[in-house]
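Coordinates as given in input.txt (compact mmCIF, C-alpha atoms):
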# COMPACT_ATOMS: atom_id res chain seq x y z
CA MET A 1 37.42 10.29 30.86
CA ALA A 2 33.75 11.04 30.32
CA PHE A 3 32.24 14.26 28.99
CA HIS A 4 29.12 15.32 27.18
CA TYR A 5 28.15 17.02 23.93
CA PRO A 6 25.99 20.14 24.29
CA ASN A 7 22.98 17.97 23.40
CA GLY A 8 23.64 16.08 26.61
CA ARG A 9 24.72 12.92 24.85
CA LYS A 10 27.63 11.29 26.58
CA TYR A 11 30.78 11.37 24.46
CA VAL A 12 32.29 7.92 24.00
CA SER A 13 35.49 7.35 22.09
CA LYS A 14 35.47 4.88 19.18
CA ASN A 15 37.36 2.39 21.37
CA SER A 16 35.00 2.44 24.31
CA GLU A 17 31.90 2.54 22.10
CA ALA A 18 31.76 -1.26 21.79
CA ILE A 19 32.00 -1.68 25.56
CA GLN A 20 29.44 1.07 26.12
CA ARG A 21 27.03 -0.64 23.73
CA SER A 22 27.32 -4.02 25.41
CA ILE A 23 26.62 -2.34 28.74
CA LYS A 24 23.67 -0.45 27.24
CA LYS A 25 22.29 -3.60 25.58
CA SER A 26 22.28 -5.41 28.89
CA SER A 27 20.48 -2.53 30.57
CA PHE A 28 16.75 -2.57 31.26
CA SER A 29 14.76 -2.29 28.00
CA ASN A 30 16.29 0.22 25.58
CA ARG A 31 16.50 3.15 27.91
CA GLY A 32 20.28 3.02 28.15
CA LYS A 33 20.61 3.83 24.45
CA THR A 34 20.05 7.32 23.15
CA LEU A 35 17.82 8.18 20.22
CA GLU A 36 20.98 9.16 18.35
CA ASP A 37 22.54 5.72 18.93
CA ASP A 38 19.40 4.01 17.61
CA LEU A 39 19.19 6.27 14.56
CA ASN A 40 22.86 5.78 13.75
CA ASP A 41 22.37 2.01 13.91
CA THR A 42 19.25 2.32 11.76
CA ASN A 43 21.02 4.48 9.17
CA GLU A 44 23.97 2.07 9.04
CA TYR A 45 21.46 -0.70 8.34
CA TYR A 46 19.79 1.35 5.58
CA VAL A 47 23.13 2.16 3.93
CA ALA A 48 24.47 -1.41 4.24
CA ASN A 49 21.29 -2.77 2.64
CA GLY A 50 20.94 -0.07 -0.03
CA ILE A 51 17.55 0.95 1.39
CA ALA A 52 18.40 4.63 1.85
CA ILE A 53 21.55 6.73 2.20
CA VAL A 54 21.24 8.81 5.36
CA HIS A 55 24.07 10.11 7.54
CA LYS A 56 24.33 12.27 10.63
CA LYS A 57 26.28 15.46 10.01
CA PRO A 58 29.43 16.01 12.05
CA THR A 59 29.05 18.22 15.12
CA PRO A 60 29.96 21.77 14.02
CA ILE A 61 33.11 22.99 15.75
CA GLN A 62 34.67 26.46 15.81
CA ILE A 63 38.41 25.85 15.64
CA VAL A 64 40.62 28.44 17.33
CA ASP A 65 44.05 26.84 17.70
CA VAL A 66 45.78 23.93 15.98
CA HIS A 67 49.27 22.58 16.61
CA TYR A 68 51.40 20.71 14.08
CA PRO A 69 53.70 18.37 16.01
CA LYS A 70 56.61 16.97 13.98
CA ARG A 71 56.00 13.52 12.48
CA SER A 72 52.41 13.30 13.77
CA ALA A 73 48.88 14.47 13.02
CA ALA A 74 47.67 18.03 13.50
CA VAL A 75 46.20 18.49 16.99
CA ILE A 76 43.32 20.87 17.65
CA LYS A 77 44.24 22.53 20.95
CA GLU A 78 41.34 24.94 21.29
CA ALA A 79 37.89 24.65 19.76
CA TYR A 80 34.28 25.24 20.75
CA PHE A 81 30.96 23.60 19.97
CA LYS A 82 28.89 25.68 17.56
CA GLN A 83 25.11 25.66 17.33
CA ALA A 84 24.01 23.69 14.25
CA SER A 85 22.46 25.92 11.57
CA THR A 86 20.68 23.03 9.85
CA THR A 87 19.29 19.64 10.87
CA ASP A 88 21.41 16.74 12.14
CA TYR A 89 20.46 14.16 9.55
CA ASN A 90 19.96 14.17 5.81
CA GLY A 91 20.16 11.91 2.84
CA VAL A 92 18.32 10.41 -0.07
CA TYR A 93 15.57 7.81 -0.43
CA LYS A 94 14.15 6.84 -3.83
CA GLY A 95 15.53 10.10 -5.24
CA LYS A 96 13.84 12.18 -2.57
CA HIS A 97 15.86 14.41 -0.27
CA LEU A 98 15.31 13.61 3.43
CA ASP A 99 16.17 16.16 6.10
CA PHE A 100 15.40 15.69 9.76
CA GLU A 101 16.16 16.47 13.35
CA ALA A 102 15.81 13.95 16.19
CA LYS A 103 14.97 14.91 19.77
CA GLU A 104 13.86 13.11 22.91
CA THR A 105 12.19 14.26 26.09
CA GLN A 106 11.80 12.84 29.58
CA ASN A 107 8.49 14.67 29.82
CA PRO A 108 5.73 12.04 29.49
CA THR A 109 2.87 14.41 28.60
CA SER A 110 4.31 17.07 26.27
CA PHE A 111 7.25 17.88 24.03
CA PRO A 112 9.11 21.13 24.89
CA LEU A 113 9.80 23.30 21.84
CA LYS A 114 13.03 24.58 23.43
CA ASN A 115 14.53 21.42 21.91
CA PHE A 116 14.59 23.27 18.58
CA HIS A 117 16.12 26.52 17.31
CA GLU A 118 14.46 29.12 15.10
CA HIS A 119 16.93 28.57 12.24
CA GLN A 120 16.32 24.82 12.31
CA ILE A 121 12.59 25.43 11.89
CA ARG A 122 13.26 27.85 9.00
CA HIS A 123 15.74 25.40 7.45
CA MET A 124 13.13 22.63 7.47
CA GLU A 125 10.60 25.01 5.90
CA SER A 126 13.07 25.78 3.09
CA ILE A 127 13.73 22.09 2.53
CA ALA A 128 9.99 21.41 2.26
CA GLN A 129 9.61 24.38 -0.13
CA GLN A 130 12.29 22.82 -2.35
CA GLY A 131 10.29 19.58 -2.45
CA GLY A 132 12.40 17.74 0.11
CA ILE A 133 10.88 15.73 2.96
CA ALA A 134 11.60 17.58 6.21
CA PHE A 135 10.53 16.13 9.53
CA VAL A 136 11.40 15.54 13.16
CA ILE A 137 11.69 12.25 14.98
CA ILE A 138 10.44 12.70 18.53
CA ARG A 139 10.98 10.21 21.32
CA PHE A 140 9.16 10.15 24.62
CA SER A 141 11.95 8.43 26.54
CA LYS A 142 9.90 7.33 29.57
CA THR A 143 7.60 5.19 27.43
CA ASP A 144 10.03 4.74 24.51
CA GLU A 145 7.38 5.95 22.06
CA ILE A 146 8.77 7.42 18.85
CA TYR A 147 6.89 9.65 16.41
CA LEU A 148 7.67 11.15 13.01
CA MET A 149 6.17 14.62 12.53
CA GLU A 150 6.43 16.46 9.22
CA SER A 151 7.92 19.96 9.49
CA GLU A 152 4.71 21.74 8.45
CA HIS A 153 3.12 20.65 11.74
CA LEU A 154 6.18 21.56 13.80
CA THR A 155 6.16 25.02 12.16
CA LYS A 156 2.49 25.39 13.15
CA PHE A 157 3.26 24.68 16.82
CA TRP A 158 6.43 26.83 16.67
CA ASN A 159 4.48 29.81 15.34
CA ARG A 160 1.83 29.30 18.03
CA MET A 161 4.62 29.70 20.59
CA ILE A 162 6.02 32.79 18.82
CA GLU A 163 2.56 34.32 18.94
CA GLY A 164 2.53 33.85 22.72
CA GLY A 165 1.01 30.38 22.89
CA ARG A 166 2.27 27.36 24.81
CA LYS A 167 5.97 26.50 24.65
CA SER A 168 5.40 22.82 24.03
CA ILE A 169 3.43 20.34 21.95
CA THR A 170 1.04 18.21 24.01
CA LYS A 171 1.39 14.44 23.67
CA THR A 172 -2.14 14.39 22.23
CA GLU A 173 -1.14 16.95 19.58
CA VAL A 174 1.97 14.93 18.73
CA GLU A 175 -0.19 11.81 18.33
CA SER A 176 -2.70 13.59 16.10
CA CYS A 177 -0.10 15.25 13.82
CA SER A 178 2.46 12.45 13.59
CA LYS A 179 2.86 8.82 12.66
CA GLN A 180 4.21 6.52 15.35
CA ILE A 181 7.27 4.52 14.36
CA SER A 182 7.01 0.90 15.40
CA LEU A 183 10.18 -0.21 17.16
CA GLY A 184 12.02 -3.26 15.87
CA PHE A 185 15.28 -4.96 16.64
CA HIS A 186 17.12 -4.47 13.35
CA PRO A 187 16.61 -1.78 12.26
CA ARG A 188 15.60 -0.38 15.62
CA ILE A 189 13.72 2.71 14.33
CA ASP A 190 12.39 1.88 10.87
CA TYR A 191 11.32 5.42 9.94
CA ILE A 192 11.54 4.70 6.20
CA LYS A 193 8.23 2.83 6.50
CA VAL A 194 6.64 6.12 7.56
CA ILE A 195 8.36 7.93 4.67
CA ASP A 196 6.82 5.33 2.34
CA SER A 197 3.39 6.18 3.68
CA ILE A 198 4.13 9.92 3.21
CA LEU A 199 5.17 9.16 -0.38
CA GLY A 200 1.97 7.13 -0.78
CA LEU A 201 3.88 3.86 -0.93
CA PHE A 202 2.91 0.94 1.26
CA PRO A 203 5.53 -1.82 1.28
CA ASN A 204 5.32 -5.14 3.12
CA GLY A 205 4.90 -4.57 6.82
CA SER A 206 2.36 -2.04 7.99
CA LEU A 207 3.09 0.92 10.23
CA MET B 1 47.66 32.85 14.04
CA ALA B 2 47.31 31.04 10.72
CA PHE B 3 46.91 27.34 10.15
CA HIS B 4 45.44 25.03 7.55
CA TYR B 5 42.76 22.38 7.31
CA PRO B 6 43.93 18.98 6.01
CA ASN B 7 42.44 19.95 2.63
CA GLY B 8 45.06 22.69 2.54
CA ARG B 9 42.53 25.46 2.90
CA LYS B 10 43.77 28.22 5.19
CA TYR B 11 41.75 28.43 8.40
CA VAL B 12 40.40 31.91 9.05
CA SER B 13 38.45 32.79 12.16
CA LYS B 14 34.98 34.31 11.78
CA ASN B 15 36.40 37.68 12.80
CA SER B 16 39.21 37.80 10.30
CA GLU B 17 37.08 36.35 7.48
CA ALA B 18 35.80 39.76 6.41
CA ILE B 19 39.31 41.19 6.26
CA GLN B 20 40.59 38.08 4.45
CA ARG B 21 37.85 38.40 1.86
CA SER B 22 38.55 42.05 1.15
CA ILE B 23 42.22 41.18 0.68
CA LYS B 24 41.28 38.24 -1.56
CA LYS B 25 38.86 40.34 -3.60
CA SER B 26 41.59 42.89 -4.32
CA SER B 27 43.98 40.12 -5.39
CA PHE B 28 44.71 39.34 -9.04
CA SER B 29 41.64 37.76 -10.70
CA ASN B 30 39.93 35.21 -8.46
CA ARG B 31 42.99 33.17 -7.64
CA GLY B 32 43.16 34.37 -4.07
CA LYS B 33 39.82 32.69 -3.30
CA THR B 34 39.51 28.96 -2.90
CA LEU B 35 36.94 26.83 -4.66
CA GLU B 36 35.37 26.28 -1.24
CA ASP B 37 35.00 30.03 -0.66
CA ASP B 38 33.30 30.44 -4.04
CA LEU B 39 30.96 27.49 -3.47
CA ASN B 40 30.02 28.71 0.00
CA ASP B 41 29.19 32.13 -1.46
CA THR B 42 27.21 30.46 -4.25
CA ASN B 43 25.28 28.26 -1.82
CA GLU B 44 24.50 31.25 0.42
CA TYR B 45 23.10 32.97 -2.68
CA TYR B 46 20.99 29.91 -3.58
CA VAL B 47 19.60 29.63 -0.03
CA ALA B 48 18.94 33.37 0.30
CA ASN B 49 17.06 33.39 -3.01
CA GLY B 50 15.20 30.10 -2.48
CA ILE B 51 16.86 28.60 -5.57
CA ALA B 52 18.27 25.53 -3.82
CA ILE B 53 19.16 24.51 -0.26
CA VAL B 54 22.76 23.32 -0.23
CA HIS B 55 25.19 23.42 2.69
CA LYS B 56 28.73 22.30 3.31
CA LYS B 57 28.98 19.70 6.05
CA PRO B 58 31.08 20.56 9.10
CA THR B 59 34.64 19.19 9.10
CA PRO B 60 34.52 15.86 10.96
CA ILE B 61 36.50 16.02 14.19
CA GLN B 62 37.48 13.23 16.60
CA ILE B 63 37.15 14.75 20.05
CA VAL B 64 39.45 13.39 22.73
CA ASP B 65 39.36 15.90 25.59
CA VAL B 66 36.92 18.60 26.62
CA HIS B 67 37.16 20.96 29.58
CA TYR B 68 34.19 22.61 31.33
CA PRO B 69 35.41 25.90 32.81
CA LYS B 70 33.05 27.45 35.37
CA ARG B 71 30.67 30.08 33.98
CA SER B 72 31.88 29.66 30.38
CA ALA B 73 31.48 27.44 27.34
CA ALA B 74 32.92 23.94 27.08
CA VAL B 75 36.41 24.03 25.54
CA ILE B 76 37.70 21.23 23.34
CA LYS B 77 41.32 20.79 24.44
CA GLU B 78 42.32 17.86 22.25
CA ALA B 79 40.80 16.80 18.95
CA TYR B 80 41.92 15.53 15.56
CA PHE B 81 40.75 15.96 12.00
CA LYS B 82 38.98 12.86 10.71
CA GLN B 83 38.76 11.80 7.07
CA ALA B 84 35.29 12.54 5.74
CA SER B 85 33.30 9.39 4.98
CA THR B 86 30.89 11.14 2.64
CA THR B 87 30.97 14.17 0.34
CA ASP B 88 31.41 17.75 1.56
CA TYR B 89 28.23 19.23 0.13
CA ASN B 90 24.63 18.11 -0.11
CA GLY B 91 21.17 19.51 -0.29
CA VAL B 92 17.96 19.65 -2.27
CA TYR B 93 16.95 21.24 -5.57
CA LYS B 94 13.41 20.87 -6.97
CA GLY B 95 12.90 17.86 -4.71
CA LYS B 96 16.05 16.16 -5.96
CA HIS B 97 18.85 15.24 -3.60
CA LEU B 98 22.20 16.78 -4.57
CA ASP B 99 25.45 15.34 -3.26
CA PHE B 100 28.87 16.51 -4.35
CA GLU B 101 32.55 16.91 -3.66
CA ALA B 102 34.61 19.89 -4.83
CA LYS B 103 38.31 19.70 -5.62
CA GLU B 104 40.86 21.89 -7.34
CA THR B 105 44.25 21.20 -8.87
CA GLN B 106 47.25 23.30 -9.83
CA ASN B 107 47.98 20.78 -12.58
CA PRO B 108 46.99 22.41 -15.90
CA THR B 109 46.77 19.21 -17.99
CA SER B 110 45.23 16.53 -15.76
CA PHE B 111 43.26 16.00 -12.56
CA PRO B 112 44.95 13.68 -10.00
CA LEU B 113 42.58 11.06 -8.55
CA LYS B 114 44.42 11.16 -5.21
CA ASN B 115 42.10 14.11 -4.49
CA PHE B 116 39.40 11.53 -3.72
CA HIS B 117 39.06 8.60 -1.34
CA GLU B 118 37.63 5.17 -2.13
CA HIS B 119 34.70 5.58 0.30
CA GLN B 120 33.77 8.94 -1.26
CA ILE B 121 33.55 7.26 -4.67
CA ARG B 122 31.40 4.46 -3.21
CA HIS B 123 29.23 6.99 -1.37
CA MET B 124 28.53 8.88 -4.60
CA GLU B 125 27.67 5.57 -6.32
CA SER B 126 25.17 4.80 -3.55
CA ILE B 127 23.62 8.26 -3.84
CA ALA B 128 23.20 7.82 -7.59
CA GLN B 129 21.70 4.35 -7.05
CA GLN B 130 19.12 5.95 -4.72
CA GLY B 131 18.18 8.38 -7.48
CA GLY B 132 20.13 11.31 -6.10
CA ILE B 133 22.35 13.52 -8.26
CA ALA B 134 25.97 12.82 -7.30
CA PHE B 135 28.80 14.74 -8.92
CA VAL B 136 32.13 16.45 -8.46
CA ILE B 137 33.01 20.06 -9.16
CA ILE B 138 36.56 20.21 -10.48
CA ARG B 139 38.60 23.40 -10.78
CA PHE B 140 41.77 23.81 -12.75
CA SER B 141 43.14 26.67 -10.66
CA LYS B 142 45.78 27.92 -13.10
CA THR B 143 43.16 28.72 -15.73
CA ASP B 144 40.22 29.06 -13.32
CA GLU B 145 38.19 26.58 -15.41
CA ILE B 146 35.47 24.76 -13.47
CA TYR B 147 33.73 21.56 -14.57
CA LEU B 148 30.85 19.50 -13.21
CA MET B 149 31.31 15.76 -13.70
CA GLU B 150 28.60 13.26 -12.76
CA SER B 151 29.78 10.49 -10.44
CA GLU B 152 29.28 7.70 -13.00
CA HIS B 153 32.18 9.14 -15.02
CA LEU B 154 34.38 9.64 -11.96
CA THR B 155 33.72 6.00 -10.99
CA LYS B 156 34.80 4.93 -14.49
CA PHE B 157 38.15 6.75 -14.17
CA TRP B 158 38.57 5.56 -10.56
CA ASN B 159 38.08 1.91 -11.59
CA ARG B 160 40.56 2.37 -14.44
CA MET B 161 43.13 3.41 -11.80
CA ILE B 162 42.23 0.45 -9.55
CA GLU B 163 42.78 -1.85 -12.51
CA GLY B 164 46.30 -0.45 -12.91
CA GLY B 165 45.53 2.41 -15.26
CA ARG B 166 46.57 6.07 -14.96
CA LYS B 167 46.18 7.79 -11.59
CA SER B 168 44.60 10.90 -13.06
CA ILE B 169 41.95 12.15 -15.46
CA THR B 170 43.37 14.01 -18.44
CA LYS B 171 42.04 17.52 -19.06
CA THR B 172 40.65 16.26 -22.40
CA GLU B 173 38.78 13.47 -20.59
CA VAL B 174 37.41 15.95 -18.08
CA GLU B 175 36.21 18.17 -20.93
CA SER B 176 34.54 15.27 -22.75
CA CYS B 177 32.76 13.83 -19.68
CA SER B 178 31.78 17.06 -17.90
CA LYS B 179 29.91 20.29 -18.41
CA GLN B 180 31.89 23.48 -17.88
CA ILE B 181 30.37 25.90 -15.39
CA SER B 182 30.42 29.47 -16.65
CA LEU B 183 31.80 31.80 -13.99
CA GLY B 184 29.74 34.75 -12.91
CA PHE B 185 30.00 37.41 -10.27
CA HIS B 186 26.96 36.62 -8.15
CA PRO B 187 26.63 33.69 -7.89
CA ARG B 188 30.24 32.97 -8.72
CA ILE B 189 29.83 29.28 -9.65
CA ASP B 190 26.28 28.82 -10.92
CA TYR B 191 26.33 25.00 -10.98
CA ILE B 192 22.53 24.77 -10.70
CA LYS B 193 22.33 25.69 -14.41
CA VAL B 194 24.25 22.49 -15.15
CA ILE B 195 21.94 20.52 -12.83
CA ASP B 196 19.01 21.92 -14.84
CA SER B 197 20.55 20.54 -18.02
CA ILE B 198 21.07 17.17 -16.29
CA LEU B 199 17.41 17.23 -15.26
CA GLY B 200 16.51 18.17 -18.81
CA LEU B 201 15.45 21.67 -17.82
CA PHE B 202 16.76 24.71 -19.63
CA PRO B 203 16.07 27.97 -17.82
CA ASN B 204 16.95 31.47 -19.01
CA GLY B 205 20.65 31.81 -19.57
CA SER B 206 22.46 29.05 -21.43
CA LEU B 207 25.37 27.09 -20.06
Could the structure of this file be written out as structure tokens, please?
Amino acid sequence: MAFHYPNGRKYVSKNSEAIQRSIKKSSFSNRGKTLEDDLNDTNEYYVANGIAIVHKKPTPIQIVDVHYPKRSAAVIKEAYFKQASTTDYNGVYKGKHLDFEAKETQNPTSFPLKNFHEHQIRHMESIAQQGGIAFVIIRFSKTDEIYLMESEHLTKFWNRMIEGGRKSITKTEVESCSKQISLGFHPRIDYIKVIDSILGLFPNGSL
Amino acid sequence: MAFHYPNGRKYVSKNSEAIQRSIKKSSFSNRGKTLEDDLNDTNEYYVANGIAIVHKKPTPIQIVDVHYPKRSAAVIKEAYFKQASTTDYNGVYKGKHLDFEAKETQNPTSFPLKNFHEHQIRHMESIAQQGGIAFVIIRFSKTDEIYLMESEHLTKFWNRMIEGGRKSITKTEVESCSKQISLGFHPRIDYIKVIDSILGLFPNGSL
């Protein structure tokens, strides 16, 4: 059976994941794969190669009812999706704490701020205040362009909205306040290269 | 209704939490409260006061079946608890990535290593290799003594077990390889003081 997470991502069981992927891979360009799929693959690559340790946090669930059948595992019989109070991804790179959220839009000309929640913005601010690197990875799905924007810029656009300004970030603004992540095959979304440039490091392979 | 997480912690719904706490608070010493409760309170205090940003990760759940009732929230009808592949807590302090697991034992003389999983040990090793601060917070419940042990020591004891040695860490070993965390009222478990000493910083208030 097929169902979706609140973020709209299709839920696929571990078993069907492999099949799903092969189907996605054969689909036109990369559009069959979600940003989350690509980031999970990228993070697996980073961990496997000791480049960085970044994981996606589990989806927060409010558990209401659990059954304990004899001689088998506890079964959650009633639970609800909770809104995340932090970002989806965090980890460590060269001792630095990384904390980020990843969102995509079908809108080709601007990025709607409704993709974020107030507490996520405040969380990223706190992370930055503690010396961590907080950012968002934004994908314009139609053109498969991916940008990394540091949280200070997102906060700026968020506050503009709070003060009655526009409810989105124009593509031009995204381009001027972010670094584009060049897409590769493996890893697919090599965002660590952008982090290197933020840290003032420039390894082999330009942005 | 009452049920328990796989870690043995009693599940309490958001609503009953307040009541639970008041009952716990009135109980003899602190023994009614779990280590997790105390760490969550401590982390809330750190976040609220801008001292550090540390959160517990949501319990990982394998979702099997979700229903979408009309005009109401999606209901998870079948799900199972998954074994965590990383540590329970992480965050950032003075730019440094913190990553830790918290466990308690009723055993007064030694700490059983079965409280950990192989992949958690390896995860903490990877974090340390990336320059993060990986550690475990260990509580001997009977005496309410709490220790912070850096992952390199835990790995040492874990490997001794793998090589056929004892399946636990003696209390004496814990004492010699860890720093004890002095218990306070607010925050209850001020582990950041120990992190300061690891970072070579010594703020007001000794360990």
Produce a table with one row for each residue of region 98-196 of chain B that has an atom at most 12 Å from any atom of region 39-59 of chain A, each row naming the nearest atom pair and its distance in Å at one decimal; use all atoms listed in the file; arrange rows by chain and rising residue number; format as JSON lines.
{"residue": "B:Asp99", "atom": "CA", "partner": "A:Ile53", "partner_atom": "CA", "distance": 10.9}
{"residue": "B:Arg122", "atom": "CA", "partner": "A:Val47", "partner_atom": "CA", "distance": 11.2}
{"residue": "B:His123", "atom": "CA", "partner": "A:Ile53", "partner_atom": "CA", "distance": 8.5}
{"residue": "B:Met124", "atom": "CA", "partner": "A:Ile53", "partner_atom": "CA", "distance": 10.0}
{"residue": "B:Glu125", "atom": "CA", "partner": "A:Ile53", "partner_atom": "CA", "distance": 10.6}
{"residue": "B:Ser126", "atom": "CA", "partner": "A:Ile53", "partner_atom": "CA", "distance": 7.1}
{"residue": "B:Ile127", "atom": "CA", "partner": "A:Ile53", "partner_atom": "CA", "distance": 6.6}
{"residue": "B:Ala128", "atom": "CA", "partner": "A:Ile53", "partner_atom": "CA", "distance": 10.0}
{"residue": "B:Gln129", "atom": "CA", "partner": "A:Gly50", "partner_atom": "CA", "distance": 8.3}
{"residue": "B:Gln130", "atom": "CA", "partner": "A:Ala52", "partner_atom": "CA", "distance": 6.7}
{"residue": "B:Gly131", "atom": "CA", "partner": "A:Ala52", "partner_atom": "CA", "distance": 10.1}
{"residue": "B:Gly132", "atom": "CA", "partner": "A:Ile53", "partner_atom": "CA", "distance": 9.6}
Find the spatial neighbours of region 161-175 of chain B, counting all atoms listed in the file, within a cut-off of 9 Å - ignore same-chain residues fewer than 4 positions away - and output them as a PDB file with C-alpha atoms, in the frame of the given file.
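Result file follows (out-v3.pdb):
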ATOM      1  CA  PRO B 108      46.990  22.410 -15.900  1.00  0.00           C
ATOM      2  CA  THR B 109      46.770  19.210 -17.990  1.00  0.00           C
ATOM      3  CA  SER B 110      45.230  16.530 -15.760  1.00  0.00           C
ATOM      4  CA  PHE B 111      43.260  16.000 -12.560  1.00  0.00           C
ATOM      5  CA  PRO B 112      44.950  13.680 -10.000  1.00  0.00           C
ATOM      6  CA  LEU B 113      42.580  11.060  -8.550  1.00  0.00           C
ATOM      7  CA  LYS B 114      44.420  11.160  -5.210  1.00  0.00           C
ATOM      8  CA  ILE B 138      36.560  20.210 -10.480  1.00  0.00           C
ATOM      9  CA  PHE B 140      41.770  23.810 -12.750  1.00  0.00           C
ATOM     10  CA  TYR B 147      33.730  21.560 -14.570  1.00  0.00           C
ATOM     11  CA  LEU B 148      30.850  19.500 -13.210  1.00  0.00           C
ATOM     12  CA  MET B 149      31.310  15.760 -13.700  1.00  0.00           C
ATOM     13  CA  LEU B 154      34.380   9.640 -11.960  1.00  0.00           C
ATOM     14  CA  LYS B 156      34.800   4.930 -14.490  1.00  0.00           C
ATOM     15  CA  PHE B 157      38.150   6.750 -14.170  1.00  0.00           C
ATOM     16  CA  LYS B 179      29.910  20.290 -18.410  1.00  0.00           C
ATOM     17  CA  GLN B 180      31.890  23.480 -17.880  1.00  0.00           C
TER      18      GLN B 180
END
Pick from A:Ile198, A:Ile181, A:Val92, A:Val66 nearest to Glu150 (chain A), counting all atoms listed in the file: A:Ile198
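Note that the spacing between CA of Tyr80 (chain B) and CA of Ala73 (chain A) amounts to 7.5 Å.
In this structure, CA of Pro187 (chain B) sits 26.7 Å away from CA of Ile61 (chain A).
Of the residues listed (B:Gln106, B:Lys96, B:Ser85, B:Glu36), B:Lys96 shows the shortest atom-to-atom separation from chain A; distances use only C-alpha atoms.
When CA of Leu35 (chain B) is paired with CA of His186 (chain B), their separation reads 14.4 Å.
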Which of B:Asp88, B:Glu78, B:Glu118, B:Asp190 sits closest to chain A [using all atoms listed in the file]: B:Glu78
Neighbour residues at most 9 Å from (39.8, 15.2, 13.9) (all atoms listed in the file) as a PyMOL selection string: (chain A and resi 74-76) or (chain B and resi 59-63+79-83)
Who sits within 6 Å of Thr87 (chain B), only C-alpha atoms, same chain under 2 positions skipped, as a ChimeraX atom specification: /B:89,100-101
